[in-house]
>>> print(open('model14.cif').read())   # mmCIF, C-alpha atoms
data_work
loop_
_atom_site.label_atom_id
_atom_site.label_comp_id
_atom_site.auth_asym_id
_atom_site.auth_seq_id
_atom_site.Cartn_x
_atom_site.Cartn_y
_atom_site.Cartn_z
CA MET A 1 5.58 16.09 36.96
CA THR A 2 1.92 15.16 36.93
CA ASN A 3 -0.88 17.56 37.73
CA SER A 4 -3.78 15.87 39.50
CA LYS A 5 -6.14 18.80 38.75
CA TYR A 6 -6.31 17.76 35.11
CA PRO A 7 -7.50 14.58 33.36
CA LYS A 8 -4.72 12.11 32.60
CA VAL A 9 -3.51 11.54 29.04
CA VAL A 10 -0.94 8.85 28.16
CA LEU A 11 1.65 9.62 25.48
CA LEU A 12 3.31 6.47 24.15
CA MET A 13 6.22 7.28 21.85
CA GLY A 14 9.02 5.29 20.34
CA PRO A 15 10.91 4.40 17.18
CA THR A 16 9.30 2.38 14.44
CA ALA A 17 8.95 -1.39 15.15
CA SER A 18 9.42 -0.95 18.91
CA GLY A 19 6.08 -2.47 19.98
CA LYS A 20 3.95 0.63 20.57
CA THR A 21 0.79 -0.70 18.92
CA ALA A 22 0.61 -3.91 20.95
CA LEU A 23 1.02 -1.95 24.18
CA ALA A 24 -1.67 0.56 23.19
CA ILE A 25 -4.12 -2.25 22.37
CA GLU A 26 -3.51 -3.86 25.75
CA LEU A 27 -4.19 -0.53 27.47
CA ALA A 28 -7.41 -0.07 25.54
CA GLN A 29 -8.65 -3.55 26.35
CA ASN A 30 -7.81 -3.64 30.05
CA HIS A 31 -7.48 -0.11 31.42
CA ASN A 32 -10.45 1.95 30.17
CA CYS A 33 -8.37 3.71 27.52
CA GLU A 34 -9.00 4.76 23.92
CA VAL A 35 -6.28 5.14 21.29
CA ILE A 36 -5.39 8.16 19.16
CA SER A 37 -2.76 7.61 16.47
CA VAL A 38 0.18 10.04 16.32
CA ASP A 39 1.55 9.00 12.95
CA SER A 40 1.94 11.09 9.80
CA ALA A 41 1.72 7.98 7.59
CA LEU A 42 -1.29 6.21 9.14
CA ILE A 43 -3.53 9.15 8.28
CA TYR A 44 -3.61 8.04 4.62
CA LYS A 45 -6.21 5.71 3.13
CA GLY A 46 -4.92 2.89 0.94
CA MET A 47 -1.49 2.93 2.57
CA ASP A 48 -1.89 0.03 4.95
CA ILE A 49 0.94 -2.47 4.52
CA GLY A 50 3.93 -0.13 4.14
CA THR A 51 2.86 2.00 7.09
CA ALA A 52 2.40 -1.04 9.36
CA LYS A 53 -1.13 0.16 10.00
CA PRO A 54 -2.93 -1.85 12.69
CA THR A 55 -4.76 -4.79 11.14
CA ALA A 56 -8.54 -5.10 11.00
CA GLU A 57 -8.31 -7.56 13.91
CA GLU A 58 -6.22 -5.13 15.97
CA LEU A 59 -8.56 -2.25 15.20
CA ALA A 60 -11.51 -4.39 16.28
CA LEU A 61 -9.79 -4.88 19.63
CA ALA A 62 -8.82 -1.20 19.94
CA PRO A 63 -10.11 1.33 17.40
CA HIS A 64 -7.51 3.99 16.56
CA ARG A 65 -8.59 7.57 15.95
CA LEU A 66 -6.85 9.72 13.30
CA ILE A 67 -6.03 6.89 10.92
CA ASN A 68 -7.49 6.59 7.40
CA ILE A 69 -8.66 10.20 7.43
CA LEU A 70 -7.05 11.54 4.22
CA ASP A 71 -6.46 10.60 0.60
CA PRO A 72 -2.72 10.30 -0.24
CA LEU A 73 -3.12 13.33 -2.51
CA GLU A 74 -3.88 15.55 0.48
CA SER A 75 -1.52 17.13 2.99
CA TYR A 76 -1.76 17.32 6.77
CA SER A 77 0.18 19.61 9.09
CA ALA A 78 1.27 19.49 12.70
CA ALA A 79 -1.30 22.23 13.32
CA ASP A 80 -4.02 20.01 11.79
CA PHE A 81 -2.94 17.16 14.05
CA ARG A 82 -2.95 19.32 17.17
CA ALA A 83 -6.49 20.56 16.54
CA ASP A 84 -7.75 17.05 15.73
CA ALA A 85 -6.00 15.45 18.72
CA ILE A 86 -7.41 18.00 21.18
CA ARG A 87 -10.91 17.39 19.82
CA GLU A 88 -10.52 13.60 20.12
CA MET A 89 -8.98 13.78 23.61
CA ASP A 90 -11.80 15.93 24.89
CA GLU A 91 -14.40 13.54 23.47
CA ILE A 92 -12.72 10.51 25.09
CA ILE A 93 -12.35 12.29 28.43
CA SER A 94 -16.00 13.38 28.34
CA ARG A 95 -16.94 9.67 28.47
CA GLY A 96 -14.74 8.98 31.49
CA LYS A 97 -11.95 7.25 29.58
CA THR A 98 -8.23 7.93 29.29
CA PRO A 99 -6.78 8.93 25.90
CA VAL A 100 -3.64 7.08 24.82
CA LEU A 101 -1.75 8.88 22.07
CA VAL A 102 0.56 6.41 20.38
CA GLY A 103 2.97 6.83 17.50
CA GLY A 104 6.36 7.85 16.22
CA THR A 105 5.80 11.25 14.62
CA MET A 106 7.74 13.31 17.14
CA LEU A 107 6.87 16.63 15.49
CA TYR A 108 3.19 15.94 16.25
CA PHE A 109 3.93 15.17 19.89
CA LYS A 110 6.03 18.34 20.12
CA ALA A 111 3.27 20.44 18.55
CA LEU A 112 0.76 19.00 20.99
CA LEU A 113 2.87 19.61 24.09
CA GLU A 114 4.46 22.94 23.20
CA GLY A 115 2.00 24.51 20.78
CA LEU A 116 2.89 26.05 17.45
CA SER A 117 4.48 29.35 16.62
CA PRO A 118 2.04 31.86 15.10
CA LEU A 119 3.83 32.15 11.75
CA PRO A 120 2.02 34.00 8.95
CA GLU A 121 0.69 32.21 5.88
CA ALA A 122 2.78 32.44 2.71
CA ASP A 123 2.25 35.57 0.63
CA PRO A 124 2.78 34.91 -3.12
CA GLU A 125 3.42 38.60 -3.90
CA ILE A 126 6.09 39.05 -1.25
CA ARG A 127 7.66 35.71 -2.19
CA ALA A 128 7.82 36.79 -5.85
CA GLN A 129 9.36 40.11 -4.79
CA ILE A 130 12.08 38.27 -2.83
CA LEU A 131 12.85 36.04 -5.83
CA ASP A 132 13.14 39.10 -8.07
CA GLU A 133 15.58 40.68 -5.62
CA ALA A 134 17.58 37.46 -5.51
CA GLU A 135 17.91 37.45 -9.29
CA GLN A 136 19.08 41.06 -9.30
CA LEU A 137 21.25 41.17 -6.17
CA GLY A 138 22.06 37.52 -5.45
CA TRP A 139 21.12 35.36 -2.45
CA ALA A 140 24.25 36.50 -0.58
CA ALA A 141 22.88 40.06 -0.45
CA LEU A 142 19.56 38.77 0.87
CA HIS A 143 21.41 36.74 3.47
CA ASP A 144 23.14 39.97 4.57
CA GLU A 145 19.69 41.54 4.96
CA LEU A 146 18.63 38.59 7.15
CA LYS A 147 21.75 39.09 9.30
CA ARG A 148 20.57 42.62 10.05
CA ILE A 149 16.98 41.75 10.94
CA ASP A 150 17.41 38.25 12.41
CA PRO A 151 21.03 37.31 13.19
CA VAL A 152 20.00 34.10 14.96
CA SER A 153 18.20 32.74 11.88
CA ALA A 154 21.01 33.99 9.61
CA GLU A 155 23.48 31.94 11.64
CA ARG A 156 21.32 28.86 11.17
CA ILE A 157 20.31 29.33 7.51
CA HIS A 158 23.01 28.95 4.85
CA PRO A 159 23.20 31.56 2.07
CA ASN A 160 22.81 28.69 -0.43
CA ASP A 161 19.47 27.58 1.06
CA PRO A 162 17.08 29.85 -0.89
CA GLN A 163 13.88 28.18 0.33
CA ARG A 164 14.52 28.75 4.04
CA LEU A 165 16.20 32.11 3.45
CA SER A 166 13.21 33.31 1.44
CA ARG A 167 10.78 32.14 4.10
CA ALA A 168 12.67 33.92 6.90
CA LEU A 169 12.61 37.20 4.95
CA GLU A 170 8.98 36.69 3.96
CA VAL A 171 7.93 36.19 7.60
CA TYR A 172 9.62 39.46 8.60
CA ARG A 173 8.15 41.44 5.73
CA ILE A 174 4.63 40.17 6.43
CA SER A 175 4.63 40.45 10.21
CA GLY A 176 7.34 42.97 11.06
CA LYS A 177 8.74 40.38 13.46
CA SER A 178 11.68 38.04 12.96
CA LEU A 179 11.34 34.28 12.58
CA THR A 180 13.34 33.90 15.80
CA GLU A 181 10.97 36.17 17.73
CA LEU A 182 7.86 34.42 16.45
CA THR A 183 9.11 30.89 17.04
CA GLN A 184 9.77 31.72 20.69
CA THR A 185 6.07 32.39 21.16
CA LYS A 186 4.34 29.24 22.38
CA ALA A 187 0.72 28.42 23.04
CA GLU A 188 -0.65 28.19 26.57
CA ALA A 189 -0.24 24.84 28.31
CA LEU A 190 -3.08 22.44 27.63
CA PRO A 191 -5.35 21.39 30.53
CA TYR A 192 -4.24 17.75 30.63
CA ASP A 193 -1.98 15.73 32.90
CA PHE A 194 0.36 14.26 30.28
CA ILE A 195 2.09 11.04 31.35
CA GLN A 196 4.87 10.39 28.86
CA PHE A 197 6.40 7.05 27.94
CA ALA A 198 8.93 5.95 25.35
CA ILE A 199 9.46 2.33 24.35
CA ALA A 200 12.55 0.94 22.61
CA PRO A 201 14.79 -2.13 22.66
CA LYS A 202 17.78 -1.91 24.99
CA GLU A 203 20.23 -2.47 22.14
CA ARG A 204 20.23 -0.65 18.78
CA ALA A 205 21.13 -3.93 17.03
CA GLU A 206 17.89 -5.48 18.31
CA LEU A 207 15.87 -2.61 16.85
CA HIS A 208 17.65 -3.07 13.51
CA LYS A 209 16.64 -6.74 13.49
CA LEU A 210 13.03 -5.88 14.25
CA ILE A 211 12.99 -3.30 11.45
CA GLU A 212 14.41 -5.73 8.89
CA LYS A 213 12.03 -8.48 9.96
CA ARG A 214 9.02 -6.20 9.71
CA PHE A 215 10.02 -4.86 6.30
CA ASN A 216 10.27 -8.41 4.95
CA ILE A 217 6.86 -9.26 6.44
CA MET A 218 5.41 -6.21 4.66
CA LEU A 219 6.80 -7.47 1.37
CA GLU A 220 5.25 -10.90 1.97
CA GLN A 221 1.93 -9.21 2.71
CA GLY A 222 1.92 -7.43 -0.66
CA PHE A 223 3.65 -4.10 -0.14
CA VAL A 224 4.89 -3.90 -3.74
CA GLU A 225 1.37 -4.54 -5.02
CA GLU A 226 0.06 -1.80 -2.71
CA VAL A 227 2.47 0.71 -4.25
CA GLU A 228 1.56 -0.49 -7.74
CA VAL A 229 -2.08 0.41 -7.03
CA LEU A 230 -1.05 3.86 -5.81
CA LYS A 231 1.16 4.43 -8.88
CA ALA A 232 -1.64 3.37 -11.20
CA ARG A 233 -3.80 6.28 -10.01
CA ASN A 234 -1.62 8.67 -12.04
CA ASP A 235 -2.40 11.63 -9.76
CA LEU A 236 0.23 10.74 -7.14
CA HIS A 237 3.94 11.53 -7.39
CA LEU A 238 7.09 11.23 -5.30
CA ASN A 239 7.05 14.85 -4.10
CA LEU A 240 3.81 14.40 -2.15
CA PRO A 241 4.16 14.04 1.65
CA SER A 242 2.37 10.68 1.47
CA MET A 243 4.82 9.26 -1.05
CA ARG A 244 7.77 10.44 1.01
CA CYS A 245 6.79 7.96 3.73
CA VAL A 246 9.56 5.50 4.48
CA GLY A 247 9.53 2.51 2.12
CA TYR A 248 7.07 3.97 -0.38
CA ARG A 249 9.64 6.10 -2.18
CA GLN A 250 12.06 3.18 -2.46
CA CYS A 251 9.37 0.82 -3.73
CA TRP A 252 8.10 3.43 -6.21
CA GLN A 253 11.62 3.91 -7.57
CA TYR A 254 12.02 0.14 -7.87
CA LEU A 255 8.81 -0.01 -9.92
CA ASP A 256 10.19 2.82 -12.07
CA GLY A 257 13.24 0.63 -12.77
CA ASP A 258 15.71 2.79 -10.88
CA PHE A 259 17.15 -0.27 -9.13
CA ASP A 260 16.45 -3.98 -8.68
CA TYR A 261 14.38 -5.75 -6.01
CA SER A 262 17.24 -6.56 -3.66
CA ASN A 263 18.43 -2.94 -3.78
CA MET A 264 14.90 -1.78 -3.02
CA VAL A 265 14.79 -4.00 0.07
CA GLU A 266 18.21 -2.80 1.17
CA LYS A 267 17.30 0.88 0.66
CA GLY A 268 13.90 0.46 2.32
CA VAL A 269 15.41 -1.13 5.42
CA ALA A 270 18.17 1.50 5.54
CA ALA A 271 15.65 4.35 5.27
CA THR A 272 13.59 2.82 8.08
CA ARG A 273 16.68 2.53 10.27
CA GLN A 274 17.46 6.19 9.59
CA LEU A 275 13.92 7.10 10.63
CA ALA A 276 14.31 5.13 13.86
CA LYS A 277 17.63 6.87 14.55
CA ARG A 278 15.99 10.30 14.14
CA GLN A 279 13.12 9.26 16.40
CA LEU A 280 15.52 8.11 19.13
CA THR A 281 17.54 11.33 18.82
CA TRP A 282 14.35 13.34 19.44
CA LEU A 283 13.42 11.16 22.39
CA ARG A 284 16.81 11.39 24.09
CA SER A 285 16.39 15.15 24.36
CA TRP A 286 12.78 14.82 25.58
CA LYS A 287 11.91 15.88 29.12
CA GLU A 288 9.83 13.93 31.65
CA LEU A 289 9.99 10.60 29.81
CA ASN A 290 9.43 7.21 31.43
CA TRP A 291 11.41 4.65 29.44
CA LEU A 292 10.07 1.16 28.70
CA GLU A 293 11.98 -1.73 27.18
CA THR A 294 10.54 -3.54 24.15
CA GLY A 295 9.22 -6.96 25.09
CA ASN A 296 9.20 -6.37 28.86
CA ALA A 297 6.07 -7.96 30.33
CA LYS A 298 6.02 -5.34 33.10
CA ASN A 299 5.47 -2.42 30.69
CA ILE A 300 1.69 -2.54 31.00
CA VAL A 301 1.94 -2.65 34.80
CA THR A 302 4.25 0.37 34.81
CA ILE A 303 1.83 2.43 32.73
CA ALA A 304 -1.19 1.25 34.73
CA GLU A 305 0.47 2.38 37.97
CA HIS A 306 0.64 5.92 36.62
CA LEU A 307 -3.06 5.84 35.77
CA ASN A 308 -4.17 4.94 39.30
#
>>> encode(input="model14.cif", output="structure tokens")
Amino acid sequence: MTNSKYPKVVLLMGPTASGKTALAIELAQNHNCEVISVDSALIYKGMDIGTAKPTAEELALAPHRLINILDPLESYSAADFRADAIREMDEIISRGKTPVLVGGTMLYFKALLEGLSPLPEADPEIRAQILDEAEQLGWAALHDELKRIDPVSAERIHPNDPQRLSRALEVYRISGKSLTELTQTKAEALPYDFIQFAIAPKERAELHKLIEKRFNIMLEQGFVEEVEVLKARNDLHLNLPSMRCVGYRQCWQYLDGDFDYSNMVEKGVAATRQLAKRQLTWLRSWKELNWLETGNAKNIVTIAEHLN
């Protein structure tokens, strides 16, 4: 439901390769809108081809905020995105324009709409204490402790998942409140009238074709060479968030000799399809979504009607 008291903000979500960028550019050119990227890969400099970053020509038509803001060595959280997006939205609105937030990082959209739980920062001393206890008593004993203080999290976290188990105990020992209790605390609603759209092809097979086609275009554009440049820096590695972006890991492993070129293409396409599947799963459970079909000429009209 829209709220006419507040300025309108368009959210344009969808799986990878579904046509979000073209739609956002058309909105920017013809409907007094400005674009904010909602993409955890486009934030990185020097990662242009494999992320399907808008081209220089596209950016000239519709500049995108929150792209090319970090070196691949740096990390960026949903909390960082939320703060940056609110700042950019307010600036756009102050000039009488409508922000269009476009992308496929659903966690960022969720953080924006629902806020973030006030979880405490990690405490190295408490974390070390938990590890010592695990060595002496075993993780099963620590899982029993979690059952007593936070049965909901204990049901969700397996005894053989030390990272999440440790974090749940750490949160309780720092704050005196359970992870379940803290994650139920949400921020106040933001003062915007969010109009939410999702775009996707009608058939999953069509999306798979689009993904494969785009991956091959990336390769023709020099994706392997782009990853070679990143590898040559010697300060990047596969455990960084930037290098976990779809396609980059597979190409990096190919360059390491882990598999041949055709396997790299196959694995890259498969990983992108898996990403799209996760994105669609998120979107199907989303509330208040207006669905658009990829390639439908009426999409822009549908969005424009909501802006009037």
>>> resolve_selection(input="model14.cif", expression="the PyMOL selection byres ((chain A and resi 39-42) around 9)", output="JSON, numbers by chain")
{"A": [37, 38, 43, 44, 45, 47, 48, 51, 52, 53, 54, 66, 67, 68, 69, 76, 77, 78, 81, 102, 103, 104, 105, 106, 108, 241, 242, 245, 246]}
>>> atom_distance(input="model14.cif", atom1="CA of Glu305 in chain A", atom2="CA of Thr281 in chain A")
27.2 Å
>>> residues_around(input="model14.cif", residues="Pro118 in chain A", least_positions_apart="6", cutoff="8 Å", atoms="only C-alpha atoms", output="ChimeraX atom specification")
/A:182-183,185
>>> resolve_selection(input="model14.cif", expression="the PyMOL selection byres ((chain A and resi 252) around 8)", output="ChimeraX atom specification")
/A:227-228,231,238,248-251,253-256
>>> resolve_selection(input="model14.cif", expression="the PyMOL selection byres ((chain A and resi 8-19) around 7)", output="mmCIF file with C-alpha atoms, in the frame of the given file")
data_model
loop_
_atom_site.group_PDB
_atom_site.id
_atom_site.type_symbol
_atom_site.label_atom_id
_atom_site.label_comp_id
_atom_site.auth_asym_id
_atom_site.auth_seq_id
_atom_site.Cartn_x
_atom_site.Cartn_y
_atom_site.Cartn_z
ATOM 1 C CA TYR A 6 -6.310 17.760 35.110
ATOM 2 C CA PRO A 7 -7.500 14.580 33.360
ATOM 3 C CA LYS A 20 3.950 0.630 20.570
ATOM 4 C CA THR A 21 0.790 -0.700 18.920
ATOM 5 C CA ALA A 22 0.610 -3.910 20.950
ATOM 6 C CA LEU A 23 1.020 -1.950 24.180
ATOM 7 C CA THR A 98 -8.230 7.930 29.290
ATOM 8 C CA PRO A 99 -6.780 8.930 25.900
ATOM 9 C CA VAL A 100 -3.640 7.080 24.820
ATOM 10 C CA LEU A 101 -1.750 8.880 22.070
ATOM 11 C CA VAL A 102 0.560 6.410 20.380
ATOM 12 C CA GLY A 103 2.970 6.830 17.500
ATOM 13 C CA GLY A 104 6.360 7.850 16.220
ATOM 14 C CA TYR A 192 -4.240 17.750 30.630
ATOM 15 C CA ASP A 193 -1.980 15.730 32.900
ATOM 16 C CA PHE A 194 0.360 14.260 30.280
ATOM 17 C CA ILE A 195 2.090 11.040 31.350
ATOM 18 C CA GLN A 196 4.870 10.390 28.860
ATOM 19 C CA PHE A 197 6.400 7.050 27.940
ATOM 20 C CA ALA A 198 8.930 5.950 25.350
ATOM 21 C CA ILE A 199 9.460 2.330 24.350
ATOM 22 C CA ALA A 200 12.550 0.940 22.610
ATOM 23 C CA PRO A 201 14.790 -2.130 22.660
ATOM 24 C CA LEU A 207 15.870 -2.610 16.850
ATOM 25 C CA LEU A 210 13.030 -5.880 14.250
ATOM 26 C CA ILE A 211 12.990 -3.300 11.450
ATOM 27 C CA ALA A 276 14.310 5.130 13.860
ATOM 28 C CA GLN A 279 13.120 9.260 16.400
ATOM 29 C CA LEU A 280 15.520 8.110 19.130
ATOM 30 C CA THR A 294 10.540 -3.540 24.150
#
